[in-house]
>>> print(open('target-v9.cif').read())   # mmCIF, C-alpha atoms
data_my_file
loop_
_atom_site.label_atom_id
_atom_site.label_comp_id
_atom_site.auth_asym_id
_atom_site.auth_seq_id
_atom_site.Cartn_x
_atom_site.Cartn_y
_atom_site.Cartn_z
CA MET A 1 -22.27 25.02 -14.62
CA THR A 2 -20.24 22.08 -13.34
CA ARG A 3 -17.15 21.72 -11.19
CA GLN A 4 -14.35 20.29 -13.27
CA ILE A 5 -10.74 19.31 -12.71
CA ALA A 6 -8.11 19.89 -15.39
CA LEU A 7 -4.96 17.79 -15.22
CA LEU A 8 -2.15 19.21 -17.32
CA ARG A 9 0.62 16.80 -18.26
CA GLY A 10 4.20 17.99 -18.09
CA ILE A 11 3.83 21.41 -16.46
CA ASN A 12 6.85 22.73 -14.51
CA LEU A 13 8.93 19.58 -14.93
CA GLY A 14 12.52 20.64 -15.52
CA ASN A 15 12.91 23.73 -17.68
CA ARG A 16 10.11 22.97 -20.12
CA ASN A 17 6.54 24.22 -20.02
CA ARG A 18 7.14 26.57 -17.12
CA MET A 19 4.25 28.63 -15.83
CA SER A 20 3.11 30.00 -12.52
CA MET A 21 -0.16 28.87 -11.06
CA ALA A 22 -1.25 32.52 -11.09
CA GLN A 23 -0.75 32.52 -14.89
CA LEU A 24 -2.71 29.30 -15.14
CA ARG A 25 -5.60 30.67 -13.07
CA GLU A 26 -5.62 33.87 -15.13
CA SER A 27 -5.64 31.90 -18.39
CA LEU A 28 -8.63 29.84 -17.31
CA GLY A 29 -10.37 33.01 -16.17
CA GLN A 30 -9.95 34.39 -19.69
CA LEU A 31 -11.93 31.39 -20.92
CA GLY A 32 -14.83 32.44 -18.69
CA TYR A 33 -14.25 29.76 -16.07
CA GLU A 34 -15.03 30.64 -12.46
CA ALA A 35 -14.00 29.67 -8.91
CA ILE A 36 -10.56 28.64 -10.17
CA ARG A 37 -8.22 26.92 -7.71
CA THR A 38 -4.85 25.31 -8.32
CA HIS A 39 -3.06 22.64 -6.32
CA LEU A 40 0.71 22.26 -6.24
CA GLN A 41 2.81 23.53 -9.17
CA SER A 42 2.17 20.62 -11.50
CA GLY A 43 -0.94 21.62 -13.42
CA ASN A 44 -3.88 20.65 -11.23
CA VAL A 45 -6.78 23.06 -11.63
CA VAL A 46 -10.31 22.99 -10.23
CA PHE A 47 -12.85 25.32 -11.83
CA THR A 48 -16.51 25.85 -12.66
CA ALA A 49 -17.53 25.94 -16.31
CA GLY A 50 -20.63 25.81 -18.43
CA THR A 51 -18.99 23.57 -21.00
CA THR A 52 -18.45 19.84 -21.33
CA PRO A 53 -15.21 18.29 -20.06
CA ASP A 54 -14.24 17.37 -23.65
CA ARG A 55 -14.69 20.96 -24.73
CA ALA A 56 -12.78 22.22 -21.69
CA GLU A 57 -9.86 19.92 -22.58
CA ARG A 58 -9.64 21.43 -26.06
CA ASP A 59 -10.21 25.01 -24.92
CA VAL A 60 -7.60 24.91 -22.15
CA ALA A 61 -4.97 23.23 -24.35
CA GLU A 62 -5.56 25.64 -27.24
CA HIS A 63 -5.62 28.70 -24.98
CA LEU A 64 -2.39 27.79 -23.17
CA ALA A 65 -0.66 27.11 -26.50
CA GLY A 66 -1.90 30.33 -28.08
CA GLU A 67 -1.52 32.71 -25.14
CA LEU A 68 1.49 31.30 -23.28
CA GLY A 69 3.19 29.07 -25.84
CA VAL A 70 2.73 26.09 -23.51
CA ARG A 71 1.74 22.99 -25.46
CA VAL A 72 0.71 20.19 -23.11
CA PRO A 73 -1.98 17.53 -23.08
CA VAL A 74 -4.96 18.36 -20.87
CA LEU A 75 -7.37 15.84 -19.36
CA VAL A 76 -10.55 16.96 -17.60
CA ARG A 77 -12.86 15.11 -15.24
CA THR A 78 -15.99 16.45 -13.57
CA ARG A 79 -16.23 16.64 -9.80
CA ASP A 80 -18.70 13.75 -9.86
CA GLU A 81 -16.38 11.65 -12.02
CA LEU A 82 -13.51 12.32 -9.61
CA ALA A 83 -15.70 11.37 -6.64
CA GLU A 84 -16.52 8.09 -8.40
CA ILE A 85 -12.82 7.48 -9.13
CA VAL A 86 -12.07 7.84 -5.42
CA ALA A 87 -15.06 5.74 -4.31
CA ARG A 88 -14.37 2.83 -6.63
CA ASP A 89 -10.64 2.49 -5.87
CA PRO A 90 -10.05 -1.22 -6.55
CA LEU A 91 -6.73 -1.26 -4.66
CA ARG A 92 -7.88 0.25 -1.37
CA GLU A 93 -7.53 -3.09 0.42
CA VAL A 94 -3.78 -3.35 -0.28
CA VAL A 95 -2.64 0.29 -0.17
CA ASP A 96 -0.96 1.37 3.06
CA ASP A 97 0.68 4.62 1.86
CA PRO A 98 -1.20 7.09 -0.36
CA ALA A 99 2.08 8.55 -1.64
CA ARG A 100 2.82 5.21 -3.36
CA HIS A 101 -0.69 4.87 -4.77
CA LEU A 102 -1.18 6.45 -8.19
CA VAL A 103 -4.11 7.09 -10.45
CA THR A 104 -3.17 7.57 -14.07
CA PHE A 105 -5.91 9.40 -15.93
CA LEU A 106 -6.26 8.23 -19.53
CA GLY A 107 -7.62 10.20 -22.46
CA GLU A 108 -9.92 7.29 -23.27
CA ALA A 109 -10.61 3.79 -22.07
CA PRO A 110 -7.98 1.41 -23.43
CA ALA A 111 -8.92 -1.27 -25.94
CA PRO A 112 -9.73 -4.53 -24.13
CA HIS A 113 -7.09 -6.50 -26.03
CA ARG A 114 -4.42 -4.00 -24.94
CA ILE A 115 -5.48 -4.45 -21.31
CA ASP A 116 -5.31 -8.23 -21.68
CA GLU A 117 -1.73 -7.94 -22.94
CA LEU A 118 -0.57 -6.62 -19.56
CA ASN A 119 0.52 -9.56 -17.43
CA PRO A 120 0.41 -8.50 -13.75
CA ALA A 121 3.20 -10.96 -12.85
CA GLU A 122 5.60 -9.07 -15.14
CA PHE A 123 5.22 -5.92 -13.04
CA ALA A 124 5.29 -7.40 -9.51
CA PRO A 125 5.44 -6.29 -6.80
CA ASP A 126 3.42 -3.43 -8.31
CA ARG A 127 -0.31 -4.07 -8.56
CA PHE A 128 -2.69 -2.40 -10.97
CA ARG A 129 -6.31 -2.32 -12.03
CA ILE A 130 -7.96 -0.52 -14.92
CA VAL A 131 -11.46 0.85 -14.47
CA GLY A 132 -12.82 2.84 -17.39
CA ARG A 133 -10.41 5.69 -18.15
CA GLU A 134 -8.34 5.28 -14.99
CA PHE A 135 -5.31 3.12 -14.31
CA TYR A 136 -4.94 2.51 -10.56
CA LEU A 137 -1.44 1.58 -9.45
CA TRP A 138 0.03 0.49 -6.11
CA CYS A 139 3.83 0.60 -5.93
CA PRO A 140 4.96 -0.89 -2.60
CA ASP A 141 8.61 -0.16 -3.46
CA GLY A 142 7.84 3.44 -4.48
CA LEU A 143 6.68 5.22 -7.62
CA ARG A 144 10.20 5.78 -8.92
CA ARG A 145 10.78 2.04 -9.27
CA THR A 146 7.72 1.19 -11.35
CA ARG A 147 7.91 0.36 -15.04
CA LEU A 148 4.24 1.34 -15.42
CA THR A 149 5.08 4.97 -16.20
CA ASN A 150 3.03 7.54 -18.12
CA ALA A 151 5.28 6.98 -21.14
CA PHE A 152 4.80 3.20 -20.98
CA LEU A 153 1.01 3.49 -20.62
CA GLU A 154 0.71 6.05 -23.41
CA LYS A 155 2.69 3.84 -25.78
CA HIS A 156 0.99 0.59 -24.76
CA PHE A 157 -2.58 1.91 -24.81
CA ASP A 158 -2.05 4.61 -27.48
CA VAL A 159 -3.73 7.25 -25.30
CA THR A 160 -2.77 10.42 -23.45
CA ALA A 161 -1.97 9.72 -19.80
CA THR A 162 -1.12 11.76 -16.72
CA GLY A 163 -0.71 10.42 -13.20
CA ARG A 164 -1.43 11.83 -9.76
CA ASN A 165 -0.73 10.22 -6.41
CA TRP A 166 -3.62 9.44 -4.12
CA ASN A 167 -2.93 12.43 -1.86
CA THR A 168 -3.30 14.76 -4.84
CA VAL A 169 -6.41 13.00 -6.16
CA THR A 170 -8.23 13.29 -2.84
CA ARG A 171 -7.08 16.89 -2.32
CA LEU A 172 -8.46 17.84 -5.74
CA LEU A 173 -11.80 16.33 -4.78
CA THR A 174 -11.76 18.33 -1.54
CA LEU A 175 -11.00 21.53 -3.49
CA ALA A 176 -13.84 20.78 -5.91
CA ASP A 177 -16.22 20.41 -2.97
CA GLU A 178 -15.10 23.64 -1.28
CA SER A 179 -16.14 26.09 -3.96
#
>>> encode(input="target-v9.cif", output="structure tokens")
Amino acid sequence: MTRQIALLRGINLGNRNRMSMAQLRESLGQLGYEAIRTHLQSGNVVFTAGTTPDRAERDVAEHLAGELGVRVPVLVRTRDELAEIVARDPLREVVDDPARHLVTFLGEAPAPHRIDELNPAEFAPDRFRIVGREFYLWCPDGLRRTRLTNAFLEKHFDVTATGRNWNTVTRLLTLADES
């Protein structure tokens, strides 16, 4: 059994894909997951499961679609993967506000040639680094002003993407460690 973190993309944004966190916890419980905790209303779930993260991604997405009619991409990382994501933050030296620091979780590591096509100067003053399946982003002028959005990254890299600010990322790690 491993602690895992599910990141649902597009939950409770506007009038689409609405669900309470109680519904989400209950749904994951129906899958046999244990020690389920949610954070905020945006589809952040920490749980214990005896399945692989890849399997959990499929199971959660299929279950939510079948039981609640909510069709959203789901990305899962283990507690240890999330701890590594936090520990290896390549932008920690420049970040001075965790609310403007984002980690975008990618469904798979982008192709190297697609990474090379991103010219950092074109996105200044934003700064970014890609490490494995994570896109780290520092937006000194605020997240709302960046052009490096989920939609842009999904199109450019041809992967599923969902972002969380640094406060949320570290809180999810804390929740994973508490249970």
>>> resolve_selection(input="target-v9.cif", expression="the PyMOL selection byres ((chain A and resi 108) around 7)", output="PyMOL selection string")
chain A and resi 106-107+109-110+133+159
>>> closest_residue(input="target-v9.cif", among="A:Asn17, A:Thr2, A:Asn150, A:Ser27", to="Val72 (chain A)", atoms="all atoms listed in the file")
A:Asn17
>>> closest_residue(input="target-v9.cif", among="A:Val131, A:Ala161, A:Leu68, A:Val74", to="Ala87 (chain A)", atoms="all atoms listed in the file")
A:Val131
>>> atom_distance(input="target-v9.cif", atom1="CA of Val86 (chain A)", atom2="CA of His113 (chain A)")
25.6 Å
>>> atom_distance(input="target-v9.cif", atom1="CA of Thr149 (chain A)", atom2="CA of Glu57 (chain A)")
22.1 Å
>>> closest_residue(input="target-v9.cif", among="A:Gly132, A:Gly43, A:Arg100, A:Ile115", to="Arg145 (chain A)", atoms="only C-alpha atoms")
A:Arg100
>>> resolve_selection(input="target-v9.cif", expression="the PyMOL selection byres ((chain A and resi 147) around 12)", output="count of residues only")
25
>>> residues_around(input="target-v9.cif", residues="Gly163 (chain A)", least_positions_apart="5", cutoff="6 Å", atoms="all atoms listed in the file", output="number ranges by chain")
A: 103-105
>>> closest_residue(input="target-v9.cif", among="A:Met1, A:Ala111, A:Ala6, A:Ala99", to="Thr51 (chain A)", atoms="all atoms listed in the file")
A:Met1
>>> atom_distance(input="target-v9.cif", atom1="CA of Glu154 (chain A)", atom2="CA of Arg9 (chain A)")
11.9 Å
>>> closest_residue(input="target-v9.cif", among="A:Pro90, A:Gly69, A:Gly10, A:Glu62", to="Gln41 (chain A)", atoms="only C-alpha atoms")
A:Gly10
>>> closest_residue(input="target-v9.cif", among="A:Ala61, A:Leu102, A:Val94, A:Val46", to="Tyr33 (chain A)", atoms="only C-alpha atoms")
A:Val46
